[in-house]
$ cat work-v8.cif   # mmCIF, C-alpha atoms
data_model
loop_
_atom_site.label_atom_id
_atom_site.label_comp_id
_atom_site.auth_asym_id
_atom_site.auth_seq_id
_atom_site.Cartn_x
_atom_site.Cartn_y
_atom_site.Cartn_z
CA MET F 1 0.29 -5.42 2.23
CA ASP F 2 3.13 -6.19 -0.22
CA PHE F 3 1.20 -4.41 -2.99
CA ILE F 4 0.65 -1.33 -0.82
CA CYS F 5 4.33 -1.21 0.17
CA GLY F 6 5.38 -1.28 -3.48
CA GLY F 7 2.97 1.48 -4.47
CA LEU F 8 3.88 3.80 -1.59
CA ALA F 9 7.61 3.30 -2.15
CA ALA F 10 7.45 4.25 -5.83
CA SER F 11 5.05 7.14 -5.31
CA GLY F 12 7.35 8.67 -2.69
CA ALA F 13 10.41 8.16 -4.92
CA SER F 14 8.82 10.10 -7.79
CA LEU F 15 8.94 13.30 -5.73
CA PHE F 16 12.71 13.24 -6.14
CA SER F 17 12.94 11.84 -9.68
CA ASN F 18 10.20 13.78 -11.51
CA PRO F 19 12.31 16.85 -12.45
CA PHE F 20 14.79 14.58 -14.23
CA ASP F 21 11.88 12.78 -15.88
CA VAL F 22 10.76 16.11 -17.36
CA LEU F 23 14.27 16.82 -18.66
CA LYS F 24 14.64 13.30 -20.03
CA THR F 25 11.33 13.55 -21.90
CA ARG F 26 12.24 16.88 -23.48
CA MET F 27 15.66 15.63 -24.60
CA GLN F 28 14.20 12.43 -26.07
CA LEU F 29 11.77 14.47 -28.19
CA GLN F 30 14.37 17.01 -29.34
CA GLY F 31 15.24 16.57 -33.02
CA GLU F 32 12.54 13.97 -33.60
CA LEU F 33 13.16 12.16 -36.92
CA GLN F 34 15.82 14.70 -37.88
CA ALA F 35 19.52 14.13 -38.43
CA LYS F 36 22.05 15.72 -36.12
CA GLY F 37 22.74 19.34 -37.07
CA GLN F 38 19.41 19.77 -38.86
CA HIS F 39 17.33 20.91 -35.90
CA ALA F 40 17.39 23.51 -33.15
CA VAL F 41 19.11 22.40 -29.94
CA HIS F 42 17.31 23.86 -26.95
CA TYR F 43 18.73 21.33 -24.50
CA LYS F 44 22.49 20.72 -24.86
CA ASN F 45 22.76 18.31 -21.93
CA ALA F 46 20.92 17.39 -18.74
CA PHE F 47 22.34 20.29 -16.72
CA HIS F 48 21.73 22.83 -19.46
CA ALA F 49 18.20 21.46 -19.89
CA GLY F 50 17.51 22.03 -16.19
CA TYR F 51 18.71 25.62 -16.48
CA VAL F 52 16.71 26.30 -19.65
CA VAL F 53 13.47 24.88 -18.23
CA ALA F 54 13.85 26.78 -14.94
CA LYS F 55 14.66 30.00 -16.79
CA ASN F 56 11.70 29.81 -19.18
CA GLU F 57 9.08 28.04 -17.07
CA GLY F 58 10.20 28.58 -13.49
CA ILE F 59 10.82 25.92 -10.86
CA ARG F 60 7.27 24.62 -11.37
CA GLY F 61 8.26 23.70 -14.91
CA LEU F 62 10.69 21.14 -13.50
CA GLN F 63 7.82 19.39 -11.74
CA ARG F 64 5.38 19.24 -14.64
CA GLY F 65 3.05 16.29 -14.34
CA LEU F 66 4.07 15.55 -10.75
CA GLY F 67 0.58 14.57 -9.59
CA VAL F 68 -0.05 12.11 -12.41
CA ALA F 69 3.56 10.85 -12.12
CA MET F 70 3.10 10.00 -8.44
CA THR F 71 -0.20 8.27 -9.20
CA LEU F 72 1.33 6.40 -12.14
CA HIS F 73 4.33 5.12 -10.21
CA GLY F 74 2.08 4.17 -7.31
CA VAL F 75 -0.27 2.14 -9.53
CA ARG F 76 2.45 0.52 -11.65
CA ASN F 77 4.65 -0.47 -8.75
CA CYS F 78 1.79 -1.53 -6.53
CA VAL F 79 1.27 -4.20 -9.18
CA ARG F 80 4.91 -4.75 -10.19
CA LEU F 81 6.61 -4.90 -6.80
CA GLY F 82 3.59 -6.53 -5.17
CA LEU F 83 3.57 -9.39 -7.69
CA TYR F 84 7.35 -9.82 -7.49
CA GLN F 85 7.35 -9.87 -3.69
CA THR F 86 4.46 -12.33 -3.60
CA LEU F 87 6.38 -14.71 -5.86
CA GLU F 88 9.50 -14.26 -3.72
CA ASN F 89 7.53 -14.92 -0.52
CA HIS F 90 6.34 -18.23 -1.95
CA GLY F 91 9.90 -19.29 -2.81
CA PHE F 92 9.49 -19.22 -6.59
CA LEU F 93 12.54 -16.99 -7.18
CA THR F 94 15.16 -18.51 -4.90
CA ASP F 95 17.14 -21.73 -4.58
CA SER F 96 17.29 -24.03 -1.56
CA SER F 97 19.75 -21.71 0.20
CA GLY F 98 17.51 -18.67 -0.24
CA LYS F 99 19.60 -16.95 -2.93
CA THR F 100 17.97 -15.38 -5.99
CA VAL F 101 17.99 -17.49 -9.18
CA LEU F 102 18.87 -15.24 -12.14
CA TYR F 103 16.51 -16.59 -14.80
CA LYS F 104 13.58 -16.97 -12.39
CA SER F 105 13.96 -13.39 -11.15
CA ALA F 106 14.33 -12.05 -14.70
CA ILE F 107 11.15 -13.77 -15.90
CA ALA F 108 9.12 -12.86 -12.82
CA SER F 109 10.21 -9.22 -12.78
CA GLY F 110 9.61 -8.90 -16.52
CA VAL F 111 6.08 -10.29 -16.29
CA ALA F 112 5.34 -8.20 -13.18
CA GLY F 113 6.69 -5.10 -14.93
CA ALA F 114 4.60 -5.72 -18.04
CA THR F 115 1.45 -6.19 -15.94
CA GLY F 116 2.08 -2.95 -14.05
CA ALA F 117 2.82 -1.12 -17.30
CA PHE F 118 -0.46 -2.23 -18.85
CA CYS F 119 -2.44 -1.07 -15.80
CA GLY F 120 -0.69 2.31 -15.70
CA SER F 121 -0.47 2.98 -19.45
CA PRO F 122 -3.14 5.74 -19.63
CA LEU F 123 -1.40 7.61 -16.80
CA PHE F 124 1.98 7.20 -18.52
CA LEU F 125 0.47 8.56 -21.75
CA ILE F 126 -0.82 11.67 -19.98
CA LYS F 127 2.35 12.13 -17.90
CA THR F 128 4.46 12.13 -21.07
CA GLN F 129 2.21 14.62 -22.84
CA LEU F 130 2.08 16.96 -19.83
CA GLN F 131 5.86 16.84 -19.34
CA SER F 132 6.49 17.60 -23.02
CA GLN F 133 4.37 20.77 -22.85
CA ALA F 134 6.81 23.67 -22.77
CA ALA F 135 7.15 27.38 -23.26
CA GLU F 136 6.90 28.12 -26.98
CA GLN F 137 10.55 29.15 -27.36
CA ILE F 138 11.87 25.81 -26.02
CA ALA F 139 9.08 23.45 -27.16
CA VAL F 140 9.99 20.09 -28.72
CA GLY F 141 7.75 17.33 -30.02
CA HIS F 142 4.00 17.56 -30.46
CA GLN F 143 2.34 20.00 -28.05
CA HIS F 144 -1.02 18.65 -26.87
CA GLY F 145 -2.09 21.68 -24.86
CA HIS F 146 -3.70 19.78 -21.98
CA ARG F 147 -4.93 21.92 -19.09
CA GLY F 148 -4.30 19.18 -16.55
CA THR F 149 -4.62 15.46 -15.84
CA ILE F 150 -8.42 15.25 -15.61
CA SER F 151 -8.83 17.47 -18.65
CA ALA F 152 -6.42 15.26 -20.62
CA ILE F 153 -8.30 12.08 -19.69
CA LYS F 154 -11.61 13.63 -20.76
CA ASP F 155 -10.22 14.99 -24.04
CA ILE F 156 -8.64 11.70 -25.07
CA TYR F 157 -11.64 9.61 -24.01
CA TYR F 158 -14.21 11.80 -25.77
CA LYS F 159 -12.19 11.83 -28.99
CA HIS F 160 -10.88 8.26 -29.14
CA GLY F 161 -12.55 6.23 -26.38
CA ILE F 162 -10.89 3.65 -24.14
CA LYS F 163 -8.61 2.57 -26.98
CA GLY F 164 -7.19 6.09 -27.12
CA LEU F 165 -6.22 5.98 -23.45
CA TRP F 166 -4.23 2.79 -24.04
CA ARG F 167 -2.50 4.10 -27.17
CA GLY F 168 1.19 3.17 -27.12
CA VAL F 169 0.70 0.40 -24.57
CA THR F 170 2.83 -2.09 -26.55
CA GLY F 171 5.82 0.23 -26.36
CA THR F 172 5.54 0.72 -22.61
CA ILE F 173 5.07 -3.01 -21.97
CA ILE F 174 8.31 -3.81 -23.81
CA ARG F 175 10.02 -0.93 -21.98
CA ALA F 176 8.75 -2.18 -18.64
CA MET F 177 9.84 -5.76 -19.25
CA ALA F 178 13.37 -4.64 -20.11
CA GLY F 179 13.58 -2.14 -17.25
CA SER F 180 11.91 -4.20 -14.56
CA SER F 181 13.84 -7.41 -15.23
CA SER F 182 17.19 -5.58 -15.32
CA GLN F 183 16.40 -3.52 -12.18
CA LEU F 184 14.88 -6.10 -9.84
CA THR F 185 17.16 -8.94 -10.88
CA THR F 186 20.30 -6.81 -10.52
CA PHE F 187 19.05 -5.47 -7.20
CA ALA F 188 18.28 -8.91 -5.77
CA ILE F 189 21.52 -10.54 -6.92
CA SER F 190 23.61 -7.53 -5.83
CA LYS F 191 22.09 -7.72 -2.35
CA ASP F 192 22.89 -11.45 -2.16
CA LYS F 193 26.53 -10.76 -3.06
CA LEU F 194 26.84 -7.77 -0.74
CA LYS F 195 25.46 -9.73 2.18
CA GLU F 196 28.47 -12.03 1.86
CA ASN F 197 30.71 -9.08 2.78
CA VAL F 198 31.49 -9.07 6.50
CA TYR F 199 31.22 -5.28 6.70
CA LEU F 200 27.80 -5.11 5.06
CA ARG F 201 26.24 -8.25 6.52
CA ASP F 202 24.72 -6.34 9.46
CA SER F 203 23.87 -3.18 7.50
CA PRO F 204 20.70 -3.92 5.51
CA MET F 205 20.06 -0.25 4.67
CA LEU F 206 23.59 0.29 3.31
CA THR F 207 23.34 -2.97 1.38
CA SER F 208 20.05 -1.83 -0.21
CA LEU F 209 21.57 1.59 -0.97
CA VAL F 210 24.60 0.20 -2.83
CA ALA F 211 22.54 -2.43 -4.66
CA SER F 212 19.94 0.14 -5.78
CA ILE F 213 22.61 2.51 -7.18
CA PHE F 214 24.15 -0.31 -9.21
CA SER F 215 20.78 -1.62 -10.40
CA GLY F 216 19.82 1.92 -11.49
CA PHE F 217 22.92 2.12 -13.72
CA ILE F 218 22.23 -1.25 -15.37
CA GLN F 219 18.57 -0.41 -15.79
CA THR F 220 19.38 2.87 -17.56
CA ILE F 221 21.63 1.22 -20.13
CA VAL F 222 19.06 -1.47 -20.87
CA ILE F 223 15.91 0.65 -20.85
CA ASN F 224 16.90 3.87 -22.64
CA PRO F 225 16.25 2.78 -26.27
CA PHE F 226 12.84 1.39 -25.31
CA ASP F 227 12.16 4.49 -23.22
CA VAL F 228 12.83 6.82 -26.15
CA VAL F 229 10.53 4.79 -28.40
CA SER F 230 7.81 4.72 -25.73
CA THR F 231 8.06 8.50 -25.26
CA ARG F 232 7.77 9.07 -29.02
CA LEU F 233 4.75 6.77 -29.36
CA TYR F 234 2.95 8.40 -26.42
CA ASN F 235 3.65 11.97 -27.46
CA GLN F 236 3.03 11.85 -31.20
CA GLY F 237 -0.01 13.59 -32.56
CA VAL F 238 -2.91 11.53 -33.93
CA ASP F 239 -5.43 11.95 -36.73
CA ALA F 240 -9.22 11.94 -36.37
CA ASN F 241 -9.20 8.14 -36.18
CA GLY F 242 -6.60 8.06 -33.41
CA LYS F 243 -3.84 6.85 -35.72
CA GLY F 244 -0.35 8.14 -35.03
CA LEU F 245 0.95 10.82 -37.38
CA PHE F 246 4.59 9.68 -37.21
CA TYR F 247 4.70 6.04 -36.16
CA ALA F 248 2.50 3.01 -36.83
CA GLY F 249 3.93 1.12 -33.87
CA VAL F 250 7.04 0.02 -32.00
CA ILE F 251 8.93 -1.54 -34.93
CA ASP F 252 8.06 1.36 -37.25
CA CYS F 253 9.36 3.82 -34.65
CA PHE F 254 12.62 1.89 -34.20
CA LEU F 255 13.24 1.74 -37.96
CA LYS F 256 12.40 5.40 -38.64
CA MET F 257 14.61 6.56 -35.77
CA LEU F 258 17.49 4.38 -36.94
CA ARG F 259 17.26 5.78 -40.48
CA THR F 260 17.01 9.44 -39.52
CA GLU F 261 18.76 9.80 -36.15
CA GLY F 262 21.10 6.82 -36.13
CA PHE F 263 21.87 4.52 -33.22
CA ALA F 264 22.77 7.51 -31.02
CA GLY F 265 19.13 8.59 -31.20
CA PHE F 266 18.18 5.68 -28.96
CA TYR F 267 20.38 7.11 -26.22
CA LYS F 268 19.06 10.66 -26.29
CA GLY F 269 18.62 11.92 -22.75
CA VAL F 270 20.52 8.95 -21.27
CA VAL F 271 22.30 11.07 -18.65
CA ALA F 272 19.05 12.73 -17.59
CA ASN F 273 17.46 9.28 -17.59
CA TYR F 274 20.14 7.95 -15.25
CA MET F 275 19.75 11.05 -13.06
CA ARG F 276 16.06 10.13 -12.92
CA LEU F 277 16.39 6.38 -12.56
CA ALA F 278 19.26 6.41 -10.06
CA PRO F 279 17.42 8.39 -7.36
CA HIS F 280 14.09 6.80 -8.28
CA SER F 281 15.57 3.31 -8.08
CA LEU F 282 17.49 4.24 -4.93
CA PHE F 283 14.54 5.73 -3.05
CA CYS F 284 11.97 3.30 -4.44
CA LEU F 285 13.92 0.15 -3.56
CA LEU F 286 15.20 1.62 -0.29
CA PHE F 287 11.68 2.68 0.76
CA TRP F 288 10.44 -0.73 -0.39
CA ASP F 289 12.92 -2.55 1.84
CA ILE F 290 12.13 -0.24 4.78
CA LEU F 291 8.37 -0.72 4.37
CA LYS F 292 8.82 -4.48 4.07
CA GLY F 293 10.86 -4.41 7.29
CA LEU F 294 8.11 -2.45 9.05
CA LYS F 295 5.55 -4.92 7.76
CA VAL F 296 7.54 -7.87 9.13
CA ARG F 297 7.88 -6.19 12.53
CA TYR F 298 4.16 -5.39 12.55
CA VAL F 299 3.25 -8.99 11.73
CA ASP F 300 5.66 -10.29 14.38
CA ALA F 301 4.24 -7.89 16.98
CA ARG F 302 0.69 -9.02 16.19
CA ALA F 303 1.72 -12.67 16.48
CA LYS F 304 3.36 -12.04 19.85
CA ARG F 305 0.28 -10.20 21.14
CA SER F 306 -1.97 -13.04 20.00
CA LEU F 307 0.32 -15.56 21.75
CA LEU F 308 0.26 -13.57 25.01
CA ILE F 309 -3.52 -13.30 24.87
CA GLU F 310 -3.81 -17.08 24.39
CA GLN F 311 -1.41 -17.75 27.27
CA ASN F 312 -3.35 -15.44 29.62
CA GLN F 313 -6.73 -16.98 28.83
#

$ encode --input "work-v8.cif" --output "structure tokens"
Amino acid sequence: MDFICGGLAASGASLFSNPFDVLKTRMQLQGELQAKGQHAVHYKNAFHAGYVVAKNEGIRGLQRGLGVAMTLHGVRNCVRLGLYQTLENHGFLTDSSGKTVLYKSAIASGVAGATGAFCGSPLFLIKTQLQSQAAEQIAVGHQHGHRGTISAIKDIYYKHGIKGLWRGVTGTIIRAMAGSSSQLTTFAISKDKLKENVYLRDSPMLTSLVASIFSGFIQTIVINPFDVVSTRLYNQGVDANGKGLFYAGVIDCFLKMLRTEGFAGFYKGVVANYMRLAPHSLFCLLFWDILKGLKVRYVDARAKRSLLIEQNQ
């Protein structure tokens, strides 16, 4: 049940966050391996990017890859949040008073995030490539020309096999470890602190809301460099052998970006990324807490019914 709650929460959250994911992806690919001032700037900032995409591709352009995004977030977080909650339920992440232990939560959420990222990597690959596909006049990065999710899976599999579907998995695992540990640990510790406040003690939904907004901010700062690298690795074109045309791997991507785009390149699209992560984190963690609460009430109701049946027999 914990795994299902995690998957449903994240899948529902992606409905609200996907447009910003599209904008973030475009901005991260803009000026790839080019110094500032030496490339066309189609997207000046997150708000301008939204206007440009809507103008050239319509409102549907802002929801490119929505279906695969919902599936991806459902799969990844079914594993990630399910594993984390299971560990929490067994008392591995808390001290004797029930409060979250920082290092235990960081390790558990990082491992859970990496596991979810590995399972969802093919979907993340396709989501990135679909979201990068743009009208010719505003296109950035390699354009793969996929007709849809199923078509993309078939094309990649027939050309490069299973290995091709997991291309770039190392980058997304590192990204997930950084993002998941910063998000879940910050969320858990923030809730513990907020519960000490007399005004929030009896408001679990408000507590989750405030904690999720703060955790989304921290997560964005931590994850953005790894997110840019992951986007580049997933979207780059490949040769006949499936080898990347631009980057040999994570370290190669980091070094080439640093040389050509500077440190600022790692924070391309950071505002759009926060606009994506903040609502996604907010709705995902809020939905997660709500679903967990419903699960607890359901289990309690079943236990009470069983007890009444036993008493009446």

$ residues_around --input "work-v8.cif" --residues "region 166-175 of chain F" --least-positions-apart "2" --cutoff "7 Å" --atoms "all atoms listed in the file" --output "NGL selection string"
:F and (114 or 117-118 or 121-122 or 162-164 or 177-179 or 223 or 226-227 or 229-230 or 233-234 or 250)

$ resolve_selection --input "work-v8.cif" --expression "the PyMOL selection byres ((chain F and resi 36) around 9)" --output "JSON, numbers by chain"
{"F": [31, 34, 35, 37, 38, 39, 260, 261, 262]}

$ axis_aligned_box --input "work-v8.cif" --around "region 123-132 of chain F" --padding-each-side "8 Å" --output "JSON"
{"center_x": 2.5, "center_y": 12.4, "center_z": -19.9, "size_x": 23.9, "size_y": 26.4, "size_z": 22.2}

$ resolve_selection --input "work-v8.cif" --expression "the PyMOL selection byres ((chain F and resi 148) around 12)" --output "ChimeraX atom specification"
/F:64-68,123,126-127,129-131,133,144-147,149-155

$ write_last_selection --input "work-v8.cif" --atoms "C-alpha atoms" --output "short mmCIF file (atom, residue, chain, number, x, y, z; two decimals), keeping the file's coordinate frame"
data_model
loop_
_atom_site.label_atom_id
_atom_site.label_comp_id
_atom_site.auth_asym_id
_atom_site.auth_seq_id
_atom_site.Cartn_x
_atom_site.Cartn_y
_atom_site.Cartn_z
CA ARG F 64 5.38 19.24 -14.64
CA GLY F 65 3.05 16.29 -14.34
CA LEU F 66 4.07 15.55 -10.75
CA GLY F 67 0.58 14.57 -9.59
CA VAL F 68 -0.05 12.11 -12.41
CA LEU F 123 -1.40 7.61 -16.80
CA ILE F 126 -0.82 11.67 -19.98
CA LYS F 127 2.35 12.13 -17.90
CA GLN F 129 2.21 14.62 -22.84
CA LEU F 130 2.08 16.96 -19.83
CA GLN F 131 5.86 16.84 -19.34
CA GLN F 133 4.37 20.77 -22.85
CA HIS F 144 -1.02 18.65 -26.87
CA GLY F 145 -2.09 21.68 -24.86
CA HIS F 146 -3.70 19.78 -21.98
CA ARG F 147 -4.93 21.92 -19.09
CA THR F 149 -4.62 15.46 -15.84
CA ILE F 150 -8.42 15.25 -15.61
CA SER F 151 -8.83 17.47 -18.65
CA ALA F 152 -6.42 15.26 -20.62
CA ILE F 153 -8.30 12.08 -19.69
CA LYS F 154 -11.61 13.63 -20.76
CA ASP F 155 -10.22 14.99 -24.04
#

$ atom_distance --input "work-v8.cif" --atom1 "CA of Tyr199 (chain F)" --atom2 "CA of Ser212 (chain F)"
17.7 Å

$ atom_distance --input "work-v8.cif" --atom1 "CA of Leu200 (chain F)" --atom2 "CA of Gly91 (chain F)"
24.2 Å

$ closest_residue --input "work-v8.cif" --among "F:Val75, F:Leu277, F:Ile107, F:Ala135" --to "Ile218 (chain F)" --atoms "all atoms listed in the file"
F:Leu277
